[in-house]
Amino acid sequence: MEYLATFHTHSGALKYCRYLQGKGITAETMPVPRRFSSNCGIGVKFRLDGDTDINNFISEDIEKLFRIDSTDARPIYSSLD
């Protein structure tokens, strides 16, 4: 599955990207469209195997987390709730 995480701060996004890369997960920072976040504008896009529990990858730096598929992005976590 492919995911997009948005963050409260730029430093949170960079830290999370390094964290994923340290775990051997391909991750990249990218600009985030305003429809996903009004905060720092930087997100991290990454892919996990289908049997990996995404809950193990939620950190306090994440504002929102979306699951990306071929047609849309569905929110699956928000720190704002």
# chains A, B, ... in the order shown; residues from 1 in each chain; ligands from 1
$ residues_around --residues "region 69-74 of chain A" --least-positions-apart "5" --cutoff "9 Å" --atoms "only C-alpha atoms" --output "PyMOL selection string"
chain A and resi 1-4
$ select_by_dssp --residues "chain A" --states "strand (DSSP E)" --output "number ranges by chain"
A: 2-7, 27-31, 42-47, 62-68, 73-78
$ write_last_selection --atoms "C-alpha atoms" --output "short mmCIF file (atom, residue, chain, number, x, y, z; two decimals), in the first residue's frame"
data_model
loop_
_atom_site.label_atom_id
_atom_site.label_comp_id
_atom_site.auth_asym_id
_atom_site.auth_seq_id
_atom_site.Cartn_x
_atom_site.Cartn_y
_atom_site.Cartn_z
CA GLU A 2 1.07 3.54 -0.69
CA TYR A 3 0.68 6.28 1.93
CA LEU A 4 1.03 10.03 2.24
CA ALA A 5 1.73 11.57 5.62
CA THR A 6 1.34 15.30 6.31
CA PHE A 7 3.03 17.07 9.19
CA ALA A 27 10.28 7.30 1.36
CA GLU A 28 10.39 10.71 -0.27
CA THR A 29 9.44 14.20 0.82
CA MET A 30 7.14 16.11 -1.49
CA PRO A 31 4.97 19.23 -1.60
CA ILE A 42 5.62 19.12 3.08
CA GLY A 43 4.59 15.47 3.13
CA VAL A 44 6.23 12.07 3.02
CA LYS A 45 5.12 9.49 0.49
CA PHE A 46 6.01 5.86 1.21
CA ARG A 47 4.99 2.30 0.46
CA ILE A 62 2.15 13.21 11.78
CA GLU A 63 -0.77 15.57 11.27
CA LYS A 64 -2.74 13.34 8.85
CA LEU A 65 -2.15 10.03 7.10
CA PHE A 66 -3.75 9.04 3.80
CA ARG A 67 -3.88 5.72 1.96
CA ILE A 68 -3.30 6.35 -1.73
CA ALA A 73 -6.52 9.38 -1.26
CA ARG A 74 -8.49 8.21 1.77
CA PRO A 75 -7.75 9.63 5.24
CA ILE A 76 -6.93 6.89 7.75
CA TYR A 77 -5.48 8.92 10.66
CA SER A 78 -5.66 12.46 11.98
#
$ closest_residue --among "A:Gly41, A:Leu48, A:Leu80, A:Ser59" --to "Lys15 (chain A)" --atoms "only C-alpha atoms"
A:Ser59
$ atom_distance --atom1 "CA of Cys40 (chain A)" --atom2 "CA of His10 (chain A)"
5.9 Å
